[in-house]
>>> print(open('input-v1.txt').read())   # compact mmCIF, C-alpha atoms
# COMPACT_ATOMS: atom_id res chain seq x y z
CA MET A 1 80.91 21.05 23.73
CA SER A 2 77.25 20.35 24.40
CA LYS A 3 76.24 17.47 26.63
CA VAL A 4 75.12 14.19 25.10
CA LYS A 5 71.31 14.01 25.30
CA ILE A 6 69.87 10.67 26.38
CA LEU A 7 66.27 9.46 26.38
CA ILE A 8 65.39 6.87 29.02
CA VAL A 9 62.72 4.29 28.23
CA GLU A 10 61.88 2.28 31.35
CA ASP A 11 58.48 1.29 32.76
CA GLU A 12 59.71 0.95 36.36
CA SER A 13 59.74 4.51 37.71
CA ILE A 14 62.27 3.79 40.47
CA VAL A 15 64.69 2.20 38.00
CA ALA A 16 64.18 5.10 35.56
CA LYS A 17 65.01 7.63 38.28
CA ASP A 18 68.13 5.66 39.25
CA ILE A 19 69.30 5.69 35.63
CA GLN A 20 68.56 9.41 35.37
CA TYR A 21 70.59 10.09 38.51
CA SER A 22 73.52 8.04 37.21
CA LEU A 23 73.49 9.74 33.81
CA ILE A 24 73.43 13.25 35.27
CA LYS A 25 76.21 12.27 37.68
CA LEU A 26 78.27 11.08 34.71
CA GLY A 27 77.78 14.41 32.94
CA TYR A 28 75.05 13.53 30.47
CA SER A 29 71.79 15.37 29.81
CA VAL A 30 68.49 13.49 30.14
CA SER A 31 66.05 14.69 27.46
CA GLY A 32 63.11 12.73 28.87
CA ILE A 33 61.77 9.57 30.46
CA ALA A 34 59.19 7.35 28.75
CA SER A 35 57.38 4.45 30.39
CA ASN A 36 56.15 2.83 27.17
CA ALA A 37 57.09 2.49 23.52
CA GLU A 38 54.47 4.92 22.21
CA LYS A 39 55.71 7.70 24.50
CA ALA A 40 59.31 6.82 23.63
CA ILE A 41 58.68 7.29 19.91
CA GLU A 42 56.83 10.56 20.58
CA LEU A 43 59.64 11.97 22.75
CA ALA A 44 62.35 10.76 20.41
CA THR A 45 60.65 12.48 17.47
CA SER A 46 60.26 15.80 19.31
CA GLU A 47 63.50 15.84 21.32
CA LEU A 48 65.86 14.02 18.91
CA PRO A 49 68.20 12.71 21.62
CA ASP A 50 71.72 11.58 20.77
CA ILE A 51 71.07 8.12 22.14
CA ILE A 52 68.28 6.07 23.75
CA ILE A 53 68.53 3.65 26.67
CA MET A 54 65.66 1.22 26.21
CA ASP A 55 64.33 -1.52 28.46
CA ILE A 56 63.51 -4.55 26.31
CA MET A 57 60.53 -5.79 28.33
CA LEU A 58 58.21 -2.77 28.23
CA LYS A 59 54.59 -2.96 29.30
CA GLY A 60 52.03 -2.35 26.55
CA ASP A 61 51.38 -3.48 22.99
CA ILE A 62 54.88 -2.63 21.72
CA ASN A 63 58.01 -4.02 23.36
CA GLY A 64 61.43 -2.42 23.43
CA ILE A 65 62.75 -4.38 20.46
CA GLU A 66 59.90 -3.26 18.19
CA ALA A 67 60.26 0.33 19.39
CA ALA A 68 64.00 0.26 18.74
CA LEU A 69 63.40 -0.97 15.19
CA THR A 70 61.00 1.90 14.54
CA LEU A 71 63.40 4.50 15.96
CA ARG A 72 66.29 3.15 13.94
CA GLN A 73 64.35 3.07 10.67
CA GLU A 74 62.54 6.41 10.99
CA LEU A 75 64.98 8.56 12.96
CA SER A 76 68.32 6.71 12.69
CA LEU A 77 68.76 6.99 16.44
CA PRO A 78 71.13 4.62 18.26
CA VAL A 79 69.57 2.45 20.98
CA ILE A 80 71.21 0.72 23.93
CA PHE A 81 69.17 -2.10 25.42
CA LEU A 82 68.77 -2.39 29.16
CA THR A 83 67.42 -5.63 30.58
CA ALA A 84 67.43 -8.01 33.52
CA TYR A 85 67.43 -10.93 31.09
CA SER A 86 70.72 -12.29 29.78
CA ASP A 87 69.52 -15.60 28.37
CA VAL A 88 70.43 -16.56 24.81
CA ALA A 89 66.83 -16.39 23.55
CA THR A 90 66.38 -12.77 24.66
CA ILE A 91 69.73 -11.71 23.22
CA GLU A 92 68.93 -13.38 19.89
CA LYS A 93 65.62 -11.50 19.69
CA ALA A 94 67.36 -8.22 20.55
CA LYS A 95 69.87 -8.63 17.70
CA VAL A 96 67.11 -7.93 15.16
CA ALA A 97 67.02 -4.27 16.25
CA GLU A 98 70.81 -3.95 15.85
CA PRO A 99 71.36 -2.23 19.22
CA TYR A 100 74.51 -0.24 19.90
CA GLY A 101 74.94 -1.87 23.30
CA TYR A 102 73.43 -4.28 25.77
CA ILE A 103 73.48 -3.57 29.51
CA ILE A 104 72.41 -6.15 32.08
CA LYS A 105 70.66 -5.04 35.28
CA PRO A 106 71.94 -4.34 37.84
CA PHE A 107 74.75 -2.37 36.23
CA LYS A 108 77.72 -0.33 37.37
CA GLU A 109 78.05 3.30 36.36
CA ILE A 110 81.36 2.62 34.62
CA ASP A 111 79.66 -0.01 32.45
CA LEU A 112 76.89 2.46 31.62
CA GLN A 113 79.36 5.19 30.68
CA THR A 114 81.57 2.89 28.62
CA THR A 115 78.63 1.52 26.65
CA ILE A 116 77.26 5.00 25.95
CA GLU A 117 80.61 6.40 24.79
CA VAL A 118 81.28 3.46 22.48
CA ALA A 119 77.75 3.70 21.06
CA ILE A 120 78.04 7.46 20.42
CA TYR A 121 81.39 7.00 18.67
CA LYS A 122 80.15 4.08 16.57
CA HIS A 123 77.01 5.95 15.51
CA SER A 124 78.91 9.11 14.55
CA LYS A 125 81.30 7.09 12.37
CA GLU A 126 78.41 5.26 10.73
CA GLN A 127 76.71 8.59 9.93
CA GLU A 128 79.89 9.90 8.33
CA ILE A 129 80.11 6.80 6.14
CA ILE A 130 76.45 7.14 5.13
CA LYS A 131 76.92 10.81 4.16
CA GLN A 132 80.00 10.00 2.10
CA ARG A 133 78.22 7.08 0.43
CA ASN A 134 75.17 9.21 -0.40
CA PHE A 135 77.35 11.96 -1.81
CA LEU A 136 79.23 9.55 -4.06
CA TYR A 137 76.00 7.85 -5.07
CA SER A 138 74.57 11.25 -5.94
CA ILE A 139 77.50 12.01 -8.23
CA ILE A 140 77.49 8.60 -9.90
CA GLU A 141 73.77 8.75 -10.58
CA ASN A 142 73.92 12.38 -11.75
CA LYS A 143 71.41 13.33 -9.10
CA GLU A 144 73.27 16.32 -7.73
CA SER A 145 71.23 18.61 -10.00
CA SER A 146 73.62 18.16 -12.91
CA PHE A 147 70.59 18.55 -15.19
CA GLY A 148 69.36 21.53 -13.17
CA PHE A 149 65.73 20.45 -13.08
CA ILE A 150 63.25 17.87 -11.84
CA PHE A 151 59.70 17.03 -12.81
CA VAL A 152 56.90 17.26 -10.26
CA LYS A 153 53.33 16.10 -10.64
CA SER A 154 50.84 18.97 -10.49
CA ASN A 155 47.18 18.03 -10.91
CA SER A 156 47.23 15.62 -13.85
CA LYS A 157 50.43 16.75 -15.56
CA LEU A 158 54.18 16.72 -14.98
CA VAL A 159 55.71 20.16 -14.53
CA LYS A 160 59.36 20.93 -15.13
CA LEU A 161 60.87 22.69 -12.11
CA ASN A 162 64.33 24.24 -12.11
CA THR A 163 66.16 23.25 -8.95
CA ASP A 164 67.62 26.78 -8.79
CA ASP A 165 64.09 28.02 -8.06
CA ILE A 166 63.55 25.74 -5.07
CA TYR A 167 63.93 27.42 -1.68
CA TYR A 168 62.95 24.67 0.73
CA ILE A 169 61.08 21.40 1.10
CA GLU A 170 58.83 20.68 4.06
CA ALA A 171 57.52 17.31 5.27
CA LEU A 172 53.81 17.04 6.08
CA LYS A 173 52.95 13.52 7.26
CA ASP A 174 52.87 11.34 4.11
CA TYR A 175 53.51 14.27 1.78
CA VAL A 176 56.26 16.76 1.06
CA VAL A 177 55.79 20.33 -0.12
CA ILE A 178 58.34 21.80 -2.54
CA ASN A 179 58.42 25.58 -2.13
CA THR A 180 59.60 28.18 -4.61
CA VAL A 181 59.13 31.91 -4.10
CA ASP A 182 55.61 31.94 -5.51
CA THR A 183 54.56 28.29 -5.90
CA ARG A 184 53.99 25.23 -3.71
CA TYR A 185 53.96 21.69 -5.06
CA THR A 186 52.54 19.01 -2.77
CA ILE A 187 53.57 15.49 -3.71
CA HIS A 188 53.28 12.05 -2.16
CA SER A 189 56.85 11.16 -1.20
CA THR A 190 59.31 10.94 1.68
CA MET A 191 62.04 13.36 2.72
CA LYS A 192 64.66 10.66 2.21
CA ASP A 193 63.55 10.09 -1.38
CA ILE A 194 63.43 13.83 -2.13
CA GLU A 195 66.83 14.29 -0.53
CA THR A 196 68.31 11.64 -2.80
CA LYS A 197 66.68 12.96 -5.96
CA LEU A 198 67.73 16.57 -5.34
CA GLY A 199 71.25 15.50 -4.49
CA PHE A 200 73.65 16.35 -1.69
CA VAL A 201 75.53 19.21 -3.35
CA ASP A 202 73.08 22.11 -3.56
CA PHE A 203 70.64 21.03 -0.85
CA VAL A 204 71.06 20.24 2.83
CA ARG A 205 68.75 18.69 5.38
CA VAL A 206 68.57 20.99 8.41
CA HIS A 207 65.69 19.39 10.30
CA ARG A 208 63.74 16.15 10.14
CA SER A 209 60.97 18.18 8.43
CA PHE A 210 63.01 20.61 6.29
CA ILE A 211 65.49 20.55 3.41
CA VAL A 212 66.82 23.90 2.14
CA ARG A 213 68.83 25.02 -0.84
CA LEU A 214 72.22 26.21 0.43
CA ASP A 215 72.45 29.31 -1.75
CA LYS A 216 69.02 30.51 -0.59
CA ILE A 217 70.11 30.85 3.05
CA ALA A 218 70.28 34.52 4.02
CA SER A 219 71.38 34.18 7.65
CA ILE A 220 71.85 31.63 10.43
CA GLU A 221 71.17 32.23 14.09
CA PHE A 222 70.96 28.88 15.82
CA PRO A 223 68.52 27.25 16.33
CA ASN A 224 67.02 28.86 13.17
CA LEU A 225 68.00 30.05 9.72
CA THR A 226 66.35 32.62 7.46
CA LEU A 227 65.88 32.26 3.72
CA GLU A 228 66.25 34.98 1.10
CA ARG A 229 63.37 36.82 -0.52
CA ASP A 230 60.43 35.65 1.60
CA LYS A 231 62.47 35.72 4.86
CA LYS A 232 61.10 32.31 5.79
CA ILE A 233 62.43 31.12 9.16
CA ILE A 234 63.43 27.44 9.23
CA PRO A 235 64.30 25.52 12.43
CA ILE A 236 67.64 23.71 12.65
CA GLY A 237 67.47 20.31 14.32
CA GLY A 238 70.19 19.51 16.85
CA SER A 239 71.36 16.40 15.00
CA TYR A 240 71.66 18.35 11.71
CA ARG A 241 73.56 21.35 13.04
CA ASP A 242 77.08 19.95 12.55
CA ASP A 243 76.38 18.90 8.98
CA LEU A 244 75.04 22.37 8.14
CA SER A 245 78.08 24.01 9.73
CA ASN A 246 80.36 21.81 7.64
CA ARG A 247 78.48 22.61 4.42
CA ILE A 248 78.50 26.39 4.59
CA LYS A 249 81.58 28.42 3.58
CA LEU A 250 82.57 30.19 6.77
CA VAL A 251 85.22 32.93 6.71
>>> encode(input="input-v1.txt", output="structure tokens")
Amino acid sequence: MSKVKILIVEDESIVAKDIQYSLIKLGYSVSGIASNAEKAIELATSELPDIIIMDIMLKGDINGIEAALTLRQELSLPVIFLTAYSDVATIEKAKVAEPYGYIIKPFKEIDLQTTIEVAIYKHSKEQEIIKQRNFLYSIIENKESSFGFIFVKSNSKLVKLNTDDIYYIEALKDYVVINTVDTRYTIHSTMKDIETKLGFVDFVRVHRSFIVRLDKIASIEFPNLTLERDKKIIPIGGSYRDDLSNRIKLV
């Protein structure tokens, strides 16, 4: 079983190193250390850690609470708050970000480990519930490609596109690109919206920037997969690997 990856967000370098030492000693993997919110969001996006330990009172324009809100909304990553402040006002402010734990400095390693393990378990269960809910929602709303087609806007007209012809969808900033073998459709949308409209039966999200059609996968060699026909290589994000493994029919 792979080690749990943790991102540390702490603007005091000595404290950050102490936390890193404790985490490694406890058997965790540290995917990075950020000293401000901007760097934290950048590292979280590129590294996709399993959990983030975030100091509330960060130096800079964005504090830990605001950063945690962004990470939760955009990446669905669980955050544990770390702070020297235990007053009611600070705790009330922190609740807005819905943290998965709250550790007061100075802390004991057993408290750190317990909070992390509970947070990881809670987050995994929440993700399972979300996937089940989305799947049921997809069926109820007939969005699991029961009609077999969608309409995409191309230039000034709407074009009918058979979902069987879609190979993969790629995110490009504020746009997504729907790829068939010989055509690309660039539309203004989000991956979450596209994922819902295509349904959760024939398509699977394998990376924060890629959705693929399951029956177009030719081979899988982690951390990548290859599609049929054009032999396009698609990366598999660490947090999406288990879901992909559960979706394919392995014999």
>>> residues_around(input="input-v1.txt", residues="A:Ile110", least_positions_apart="3", cutoff="12 Å", atoms="all atoms listed in the file", output="list in words")
Ser22, Leu23, Lys25, Leu26, Ile103, Phe107, Gln113, Thr114, Thr115, Ile116 and Glu117 of chain A
>>> residues_near_point(input="input-v1.txt", point="(65.7, 16.4, -1.2)", cutoff="12 Å", atoms="all atoms listed in the file", output="compact mmCIF listing (two decimals) with C-alpha atoms, in the coordinates of the input")
# COMPACT_ATOMS: atom_id res chain seq x y z
CA ASN A 134 75.17 9.21 -0.40
CA SER A 138 74.57 11.25 -5.94
CA LYS A 143 71.41 13.33 -9.10
CA GLU A 144 73.27 16.32 -7.73
CA SER A 145 71.23 18.61 -10.00
CA ILE A 150 63.25 17.87 -11.84
CA THR A 163 66.16 23.25 -8.95
CA ILE A 166 63.55 25.74 -5.07
CA TYR A 167 63.93 27.42 -1.68
CA TYR A 168 62.95 24.67 0.73
CA ILE A 169 61.08 21.40 1.10
CA GLU A 170 58.83 20.68 4.06
CA ALA A 171 57.52 17.31 5.27
CA VAL A 176 56.26 16.76 1.06
CA VAL A 177 55.79 20.33 -0.12
CA ILE A 178 58.34 21.80 -2.54
CA ASN A 179 58.42 25.58 -2.13
CA SER A 189 56.85 11.16 -1.20
CA THR A 190 59.31 10.94 1.68
CA MET A 191 62.04 13.36 2.72
CA LYS A 192 64.66 10.66 2.21
CA ASP A 193 63.55 10.09 -1.38
CA ILE A 194 63.43 13.83 -2.13
CA GLU A 195 66.83 14.29 -0.53
CA THR A 196 68.31 11.64 -2.80
CA LYS A 197 66.68 12.96 -5.96
CA LEU A 198 67.73 16.57 -5.34
CA GLY A 199 71.25 15.50 -4.49
CA PHE A 200 73.65 16.35 -1.69
CA VAL A 201 75.53 19.21 -3.35
CA ASP A 202 73.08 22.11 -3.56
CA PHE A 203 70.64 21.03 -0.85
CA VAL A 204 71.06 20.24 2.83
CA ARG A 205 68.75 18.69 5.38
CA VAL A 206 68.57 20.99 8.41
CA HIS A 207 65.69 19.39 10.30
CA ARG A 208 63.74 16.15 10.14
CA SER A 209 60.97 18.18 8.43
CA PHE A 210 63.01 20.61 6.29
CA ILE A 211 65.49 20.55 3.41
CA VAL A 212 66.82 23.90 2.14
CA ARG A 213 68.83 25.02 -0.84
CA LEU A 214 72.22 26.21 0.43
>>> closest_residue(input="input-v1.txt", among="A:Val181, A:Val30, A:Leu77, A:Leu244", to="A:Lys17", atoms="all atoms listed in the file")
A:Val30
>>> closest_residue(input="input-v1.txt", among="A:Asn224, A:Ser154, A:Asn162, A:Ser29", to="A:His188", atoms="all atoms listed in the file")
A:Ser154
>>> closest_residue(input="input-v1.txt", among="A:Leu7, A:Ala97, A:Asp55, A:Ile91", to="A:Gln73", atoms="only C-alpha atoms")
A:Ala97
>>> residues_around(input="input-v1.txt", residues="A:Thr226", least_positions_apart="2", cutoff="12 Å", atoms="all atoms listed in the file", output="PyMOL selection string")
chain A and resi 167-168+206+212-224+228-236
>>> atom_distance(input="input-v1.txt", atom1="atom CA of A:Ile6", atom2="atom CA of A:Lys105")
18.1 Å
>>> atom_distance(input="input-v1.txt", atom1="atom CA of A:Ala34", atom2="atom CA of A:Val4")
17.7 Å
>>> closest_residue(input="input-v1.txt", among="A:Gly27, A:Pro78, A:Gly237, A:Gly32", to="A:Val118", atoms="all atoms listed in the file")
A:Pro78
>>> atom_distance(input="input-v1.txt", atom1="atom CA of A:Ile104", atom2="atom CA of A:Thr83")
5.2 Å
>>> closest_residue(input="input-v1.txt", among="A:Ile62, A:Ala89, A:Ile24, A:Glu126", to="A:Lys3", atoms="only C-alpha atoms")
A:Ile24
>>> residues_near_point(input="input-v1.txt", point="(64.8, 12.4, 18.3)", cutoff="12 Å", atoms="all atoms listed in the file", output="PyMOL selection string")
chain A and resi 5-7+31-32+39-52+70-72+74-79+207-208+237-240
>>> residues_around(input="input-v1.txt", residues="A:Glu10", least_positions_apart="5", cutoff="12 Å", atoms="only C-alpha atoms", output="ChimeraX atom specification")
/A:15-20,32-37,39-40,52-60,63-64,81-84
>>> write_last_selection(input="input-v1.txt", atoms="C-alpha atoms", output="PDB file, keeping the file's coordinate frame")
ATOM      1  CA  VAL A  15      64.690   2.200  38.000  1.00  0.00           C
ATOM      2  CA  ALA A  16      64.180   5.100  35.560  1.00  0.00           C
ATOM      3  CA  LYS A  17      65.010   7.630  38.280  1.00  0.00           C
ATOM      4  CA  ASP A  18      68.130   5.660  39.250  1.00  0.00           C
ATOM      5  CA  ILE A  19      69.300   5.690  35.630  1.00  0.00           C
ATOM      6  CA  GLN A  20      68.560   9.410  35.370  1.00  0.00           C
ATOM      7  CA  GLY A  32      63.110  12.730  28.870  1.00  0.00           C
ATOM      8  CA  ILE A  33      61.770   9.570  30.460  1.00  0.00           C
ATOM      9  CA  ALA A  34      59.190   7.350  28.750  1.00  0.00           C
ATOM     10  CA  SER A  35      57.380   4.450  30.390  1.00  0.00           C
ATOM     11  CA  ASN A  36      56.150   2.830  27.170  1.00  0.00           C
ATOM     12  CA  ALA A  37      57.090   2.490  23.520  1.00  0.00           C
ATOM     13  CA  LYS A  39      55.710   7.700  24.500  1.00  0.00           C
ATOM     14  CA  ALA A  40      59.310   6.820  23.630  1.00  0.00           C
ATOM     15  CA  ILE A  52      68.280   6.070  23.750  1.00  0.00           C
ATOM     16  CA  ILE A  53      68.530   3.650  26.670  1.00  0.00           C
ATOM     17  CA  MET A  54      65.660   1.220  26.210  1.00  0.00           C
ATOM     18  CA  ASP A  55      64.330  -1.520  28.460  1.00  0.00           C
ATOM     19  CA  ILE A  56      63.510  -4.550  26.310  1.00  0.00           C
ATOM     20  CA  MET A  57      60.530  -5.790  28.330  1.00  0.00           C
ATOM     21  CA  LEU A  58      58.210  -2.770  28.230  1.00  0.00           C
ATOM     22  CA  LYS A  59      54.590  -2.960  29.300  1.00  0.00           C
ATOM     23  CA  GLY A  60      52.030  -2.350  26.550  1.00  0.00           C
ATOM     24  CA  ASN A  63      58.010  -4.020  23.360  1.00  0.00           C
ATOM     25  CA  GLY A  64      61.430  -2.420  23.430  1.00  0.00           C
ATOM     26  CA  PHE A  81      69.170  -2.100  25.420  1.00  0.00           C
ATOM     27  CA  LEU A  82      68.770  -2.390  29.160  1.00  0.00           C
ATOM     28  CA  THR A  83      67.420  -5.630  30.580  1.00  0.00           C
ATOM     29  CA  ALA A  84      67.430  -8.010  33.520  1.00  0.00           C
TER      30      ALA A  84
END
